[in-house]
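A.B. asks: For reference, the structure I am asking about is given below.
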Amino acid sequence: MTRRRNPSLIAGGAIVAALTAVALFGPILNRTDPLAINLALALAGPGAGHPLGCDSLGRDILARILAGARVSLGVSIVVVALSLAIGAIVGGAAALAGGRVDGAVMRTVDIVLAFPGILLAIALAAILGPGLVDLVIALGAIGWTGYARLVRGEVLSLREREYVEAARALGARPGRLLFRHLLPGVAGPLAVQATFGVGGLIIAEAALSFLGLGVPPPAPSWGNMLDTGRAFILVAPHLTTAPGVAIGLSVLGFNLLGDGLAQRFGRRR
Amino acid sequence: MIRYFVRRLTALIPVALGVVTLTFALIHLVPGDPVVAMLGDYAAPADVQEMRHALGLDRPLWRQYVAFLYGLTHGDLGESISQREPVSRLIRERYPATVELAVAGLAAAILIAFPLGLVAGADPGGPGDVGAMGFAILGISVPHLYLGPLLMIVFSLDLGWLPLTGRGGFSHLILPALTLGAALAAILARMLRQSLVEVSDADYMRTARAKGLSRPRALISHGLRNALTPVVTLLGLEAGALLTGSIVTEIIFSWPGLGRLMIAAINNRDYPLVQGCVLVFALSYVAVNLATDLLYSAIDPRVRLSR
């Protein structure tokens with residue numbers, strides 16, 4: 001088998017790896033406090049000691065971008081993991097149970113998907129109030145539906161395969177069947193969807209924080225940095241440039257990685 | 001065609017009812033007391049009780065639900081707490097601005113996507129392809145909450161060509177439409193390119209080339225029509241998302257639409273108004289998706305014959 005070049009996979013993988021490293025080690029290596037206020041330096045441009053300048057309260061923007069990476073990437077990855085787990089179990093169980101259970105689950109999914117995603121997240125976040133946990137709940141409550149639909153479809157087609165029938169004939173219970181034999185077969189498409197999902201969630205988290213419904217200040221997230229920076233766009237555009245580029249680069253990385261993975265898994269089947 | 005139409009319309013009824021129910025449940029079942037949220041944590045219990053009674057929240061849940069459904073059939077969405085006006089009137093005032101923005105965003109997306117997709121698809125791997133697709137990747141990655149301020153800096157502040165915010169004539173529409181449509185434009189351009197590359201291998205394309213048409217000529221007069229089907233599908237799937245994408249865009253450009261009304265209602269803890277806005281957004285989304293399905297079946301008869 002000759003492996004064709006897959007530049008998206010390499011470029012996307014590199015960006016995502018770099019981002020992960022920044023989120024993990026950035027705040028350790030750069031010891032500047034992202035919450036330290038110094039009004040003398042308010043809106044200061046990039047310079048010595050503050051490579052990306054300072055925000056409206058004189059807080060170091062680089063330190064806030066690094067700390068914000070943990071929040072923005074962390075929230076997105078936790079939400080995707082949560083949605084994936086719920087979606088895989090619910091979708092898999094619905095496909096195996098069939099009949100009324102399947103019907104009821106899929107109607108629920110249809111109704112949640114009948115809402116444009118961000119709208120439900122906005123409404124839920126508004127009711128739950130601002131806060132990290134509430135944000136994760138609001139985004140996760142919507143996210144699982146896409147994965148449930150994907151897993152159900154794949155499991156329905158895998159169910160009839162011989163190796164699954166063999167496992168069933170040997171007396172495997174539904175739980176074992178699902179986790180040992182069916183879900184591994186869905187891993188490829190799930191990985192693709194989850195990768196694109198992280199990219200989408202970085203934007204969703206930023207949008208919610210931008211609307212004042214996400215990560216509450218003073219904790220930095222890329223979204224609320226964009227929101228507060230917007231007021232100073234005339235006098236200090238560097239306040240919005242840094243989080244804007246950070247969000248753009250992350251989304252680019254996850255989208256490229258998703259493209260690359262899709263190419264890879266697409267050819268295998 | 002009429003049978004298909006009726007079938008799709010009946011399939012819509014449970015979905016619409018589900019959307020209405022979920023919106024109701026969202027406001028009424030999610031933990032957190034809207035009345036306490038409105039009056040603050042230190043409100044006197046008597047005041048809370050009175051407010052609850054005034055809003056009808058002290059009735060059993062099923063009766064509130066029935067009243068909500070009954071009101072809906074009369075176009076009654078309750079009264080806004082912060083503005084003391086019927087929710088339906090407030091929404092009616094703002095809705096046209098949101099539709100205008102969404103339609104303009106859609107138009108902007110199509111106008112950008114087609115030249116890009118055609119240039120890229122006409123010569124896969126060539127310099128035009130690399131440039132156009134690089135531009136498209138950028139369009140997907142730059143979030144519209146950053147693109148909006150960026151466009152404002154360049155075109156309103158530096159160049160002074162276009163107004164900064166607000167709704168008015170055509171010139172007010174350009175920047176918000178570009179902000180809203182950019183991501184969709186990028187997705188569409190990529191789809192169009194891929195679709196063009198796929199059809200360029202088809203037998204009828206070889207025939208067209210064999211009879212002496214140049215590659216661009218063959219692509220435009222024979223390839224494009226066939227390449228359009230998946231693009232139209234995608235356009236339909238994404239068109240509804242423009243409605244809610246407009247929420248952030250409206251905030252950035254101070255556009256007086258439904259999105260800004262909803263965010264203001266959220267900040268004022270005006271739950272009847274939030275409920276009304278969510279419902280109108282969601283039902284519009286469902287309606288747009290239905291319209292695309294029907295349009296699609298008109299273009300491609302195979303859709304309505306199968307299933």
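Just remember, in the structure tokens the first chain shown is A, the second B, etc., residues are 1-based per chain, and ligands are 1-based in the order shown.
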What are the closest atom pairs, with distances in Å to one decimal, for all residues of chain B lying within 6 Å of chain A? Consider only C-alpha atoms, order rows by chain and residue number, and present the result as CSV.
C.D. replies:
residue,atom,partner,partner_atom,distance
B:Val15,CA,A:Ile111,CA,5.8
B:Gly18,CA,A:Ile111,CA,5.8
B:Ser141,CA,A:Gly248,CA,4.8
B:Val142,CA,A:Gly248,CA,4.6
B:Tyr146,CA,A:Gly244,CA,5.4
B:Ala282,CA,A:Phe115,CA,5.2
A.B. asks: Can you write just those residues out, N, CA, C and O atoms, as a PDB file, in the first residue's frame?
C.D. replies:
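Result file follows (out-v2.pdb):
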ATOM      1  N   VAL B  15     -42.414  17.669  14.738  1.00  0.00           N
ATOM      2  CA  VAL B  15     -41.161  18.398  14.983  1.00  0.00           C
ATOM      3  C   VAL B  15     -41.469  19.788  15.538  1.00  0.00           C
ATOM      4  O   VAL B  15     -40.884  20.235  16.531  1.00  0.00           O
ATOM      5  N   GLY B  18     -42.616  19.542  18.985  1.00  0.00           N
ATOM      6  CA  GLY B  18     -41.463  19.244  19.824  1.00  0.00           C
ATOM      7  C   GLY B  18     -40.654  20.497  20.116  1.00  0.00           C
ATOM      8  O   GLY B  18     -40.231  20.719  21.255  1.00  0.00           O
ATOM      9  N   SER B 141     -11.674  29.675   9.125  1.00  0.00           N
ATOM     10  CA  SER B 141     -10.995  29.720  10.416  1.00  0.00           C
ATOM     11  C   SER B 141     -11.176  31.044  11.158  1.00  0.00           C
ATOM     12  O   SER B 141     -11.222  31.062  12.380  1.00  0.00           O
ATOM     13  N   VAL B 142     -11.240  32.147  10.433  1.00  0.00           N
ATOM     14  CA  VAL B 142     -11.397  33.433  11.123  1.00  0.00           C
ATOM     15  C   VAL B 142     -12.821  33.507  11.665  1.00  0.00           C
ATOM     16  O   VAL B 142     -13.771  33.480  10.911  1.00  0.00           O
ATOM     17  N   TYR B 146     -14.415  37.970  15.193  1.00  0.00           N
ATOM     18  CA  TYR B 146     -13.184  38.736  14.978  1.00  0.00           C
ATOM     19  C   TYR B 146     -13.208  39.429  13.620  1.00  0.00           C
ATOM     20  O   TYR B 146     -12.747  40.562  13.483  1.00  0.00           O
ATOM     21  N   ALA B 282     -36.194  29.304  16.260  1.00  0.00           N
ATOM     22  CA  ALA B 282     -36.217  27.867  16.002  1.00  0.00           C
ATOM     23  C   ALA B 282     -37.233  27.521  14.916  1.00  0.00           C
ATOM     24  O   ALA B 282     -36.952  26.725  14.010  1.00  0.00           O
TER      25      ALA B 282
END
A.B. asks: Might you pull out every residue within 9 Å of range 80-92 of chain A, with only C-alpha atoms counted and same-chain residues fewer than 2 positions away left off, and present them as an NGL selection string?
C.D. replies: :A and (75-78 or 94-97 or 102 or 105-106 or 136 or 139-156 or 178-179 or 182-183 or 190 or 194-195 or 197-198 or 201)
A.B. asks: If we count only C-alpha atoms, what is near range 56-70 of chain A at a cut-off of 9 Å, once residues fewer than 4 positions away on the same chain are taken out, given as a ChimeraX atom specification?
C.D. replies: /A:19-20,22-27,30-44,49-52,74-75,219-223,225,228-229,232,236,239,242-243,246
A.B. asks: Under the rule that only C-alpha atoms are counted, which of A:His238, A:Val101, A:Gly131, A:Leu73 is the nearest residue to Gly53 in chain A?
C.D. replies: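 Closest candidate: A:His238.
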A.B. asks: Would you compute the distance between CA of Arg92 in chain B and CA of Leu273 in chain B? Give it in Å to one decimal.
C.D. replies: 12.1 Å
A.B. asks: Looking at only C-alpha atoms, which of B:Gly139, B:Gly131, B:Gly71, B:Pro45 is the one that sits closest to Leu188 in chain B?
C.D. replies: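 Ranking B:Gly139, B:Gly131, B:Gly71, B:Pro45 by distance to Leu188 in chain B, first place goes to B:Gly139.
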A.B. asks: For Ala132 in chain B, list every protein, DNA or RNA residue within 6 Å, evaluated using only C-alpha atoms, and leave out those in the same chain fewer than 3 positions away; present the list as a PDB file with all heavy atoms, in the first residue's frame.
C.D. replies:
ATOM      1  N   LEU B 116     -14.702  31.914  -6.568  1.00  0.00           N
ATOM      2  CA  LEU B 116     -13.608  31.167  -5.931  1.00  0.00           C
ATOM      3  C   LEU B 116     -13.654  29.694  -6.323  1.00  0.00           C
ATOM      4  O   LEU B 116     -12.653  29.108  -6.730  1.00  0.00           O
ATOM      5  CB  LEU B 116     -13.685  31.284  -4.406  1.00  0.00           C
ATOM      6  CG  LEU B 116     -13.178  32.552  -3.751  1.00  0.00           C
ATOM      7  CD1 LEU B 116     -13.284  32.439  -2.236  1.00  0.00           C
ATOM      8  CD2 LEU B 116     -11.734  32.818  -4.146  1.00  0.00           C
ATOM      9  N   ALA B 120     -10.929  27.669  -8.669  1.00  0.00           N
ATOM     10  CA  ALA B 120     -10.209  26.538  -8.092  1.00  0.00           C
ATOM     11  C   ALA B 120     -10.511  25.247  -8.839  1.00  0.00           C
ATOM     12  O   ALA B 120      -9.621  24.449  -9.123  1.00  0.00           O
ATOM     13  CB  ALA B 120     -10.565  26.391  -6.618  1.00  0.00           C
ATOM     14  N   GLY B 128      -4.309  29.207  -9.211  1.00  0.00           N
ATOM     15  CA  GLY B 128      -5.626  29.730  -8.866  1.00  0.00           C
ATOM     16  C   GLY B 128      -6.272  28.886  -7.788  1.00  0.00           C
ATOM     17  O   GLY B 128      -6.911  29.399  -6.857  1.00  0.00           O
ATOM     18  N   ASP B 129      -6.115  27.575  -7.892  1.00  0.00           N
ATOM     19  CA  ASP B 129      -6.689  26.641  -6.923  1.00  0.00           C
ATOM     20  C   ASP B 129      -6.078  26.872  -5.547  1.00  0.00           C
ATOM     21  O   ASP B 129      -6.788  27.016  -4.553  1.00  0.00           O
ATOM     22  CB  ASP B 129      -6.428  25.204  -7.394  1.00  0.00           C
ATOM     23  CG  ASP B 129      -7.041  24.175  -6.460  1.00  0.00           C
ATOM     24  OD1 ASP B 129      -8.023  24.525  -5.781  1.00  0.00           O
ATOM     25  OD2 ASP B 129      -6.526  23.048  -6.413  1.00  0.00           O
ATOM     26  N   PHE B 135      -7.585  31.005   0.582  1.00  0.00           N
ATOM     27  CA  PHE B 135      -8.512  32.044   0.996  1.00  0.00           C
ATOM     28  C   PHE B 135      -9.712  31.421   1.720  1.00  0.00           C
ATOM     29  O   PHE B 135     -10.179  31.926   2.735  1.00  0.00           O
ATOM     30  CB  PHE B 135      -8.973  32.800  -0.252  1.00  0.00           C
ATOM     31  CG  PHE B 135      -9.575  34.138   0.030  1.00  0.00           C
ATOM     32  CD1 PHE B 135      -8.794  35.178   0.517  1.00  0.00           C
ATOM     33  CD2 PHE B 135     -10.924  34.363  -0.199  1.00  0.00           C
ATOM     34  CE1 PHE B 135      -9.350  36.414   0.776  1.00  0.00           C
ATOM     35  CE2 PHE B 135     -11.484  35.598   0.061  1.00  0.00           C
ATOM     36  CZ  PHE B 135     -10.698  36.626   0.550  1.00  0.00           C
TER      37      PHE B 135
END
A.B. asks: Please provide as number ranges by chain all residues within 10 Å of Ala208 in chain B, with the sequence filter that same-chain residues fewer than 6 positions apart are discarded (counting only C-alpha atoms).
C.D. replies: B: 214-215, 217-219, 221-223
A.B. asks: Which distance in Å separates CA of Ala14 in chain A and CA of Ala191 in chain A, to one decimal?
C.D. replies: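 Separation of CA of Ala14 in chain A and CA of Ala191 in chain A: 17.0 Å.
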A.B. asks: So which residues of range 164-282 of chain B fall under alpha helix (DSSP H) by DSSP, listed as number ranges by chain?
C.D. replies: B: 170-199, 203-210, 215-218, 224-252, 258-267, 271-282
A.B. asks: Quick one: everything within 8 Å of Ile247 in chain B, counting only C-alpha atoms, minus sequence neighbours fewer than 4 positions away in the same chain. Send it as a ChimeraX atom specification.
C.D. replies: /B:243,251,258-260
A.B. asks: Convert the current residue selection to file output with N, CA and C atoms, as a short mmCIF file (atom, residue, chain, number, x, y, z; two decimals), in the first residue's frame.
C.D. replies:
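The result, written out as again_34.cif:
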data_model
loop_
_atom_site.label_atom_id
_atom_site.label_comp_id
_atom_site.auth_asym_id
_atom_site.auth_seq_id
_atom_site.Cartn_x
_atom_site.Cartn_y
_atom_site.Cartn_z
N LEU B 243 -29.43 32.38 10.23
CA LEU B 243 -30.37 33.07 11.11
C LEU B 243 -29.78 33.27 12.49
N ILE B 251 -24.92 41.95 17.28
CA ILE B 251 -24.29 42.61 18.43
C ILE B 251 -23.11 43.46 17.96
N LEU B 258 -33.61 40.61 15.73
CA LEU B 258 -34.14 39.70 16.75
C LEU B 258 -33.03 39.24 17.70
N GLY B 259 -31.83 39.07 17.18
CA GLY B 259 -30.72 38.60 18.01
C GLY B 259 -30.40 39.58 19.13
N ARG B 260 -30.35 40.85 18.78
CA ARG B 260 -30.06 41.85 19.82
C ARG B 260 -31.20 41.93 20.81
#
A.B. asks: Tell me, in Å to one decimal, how far CA of Ala11 in chain A is from CA of Leu261 in chain A.
C.D. replies: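 A separation of 11.7 Å between them.
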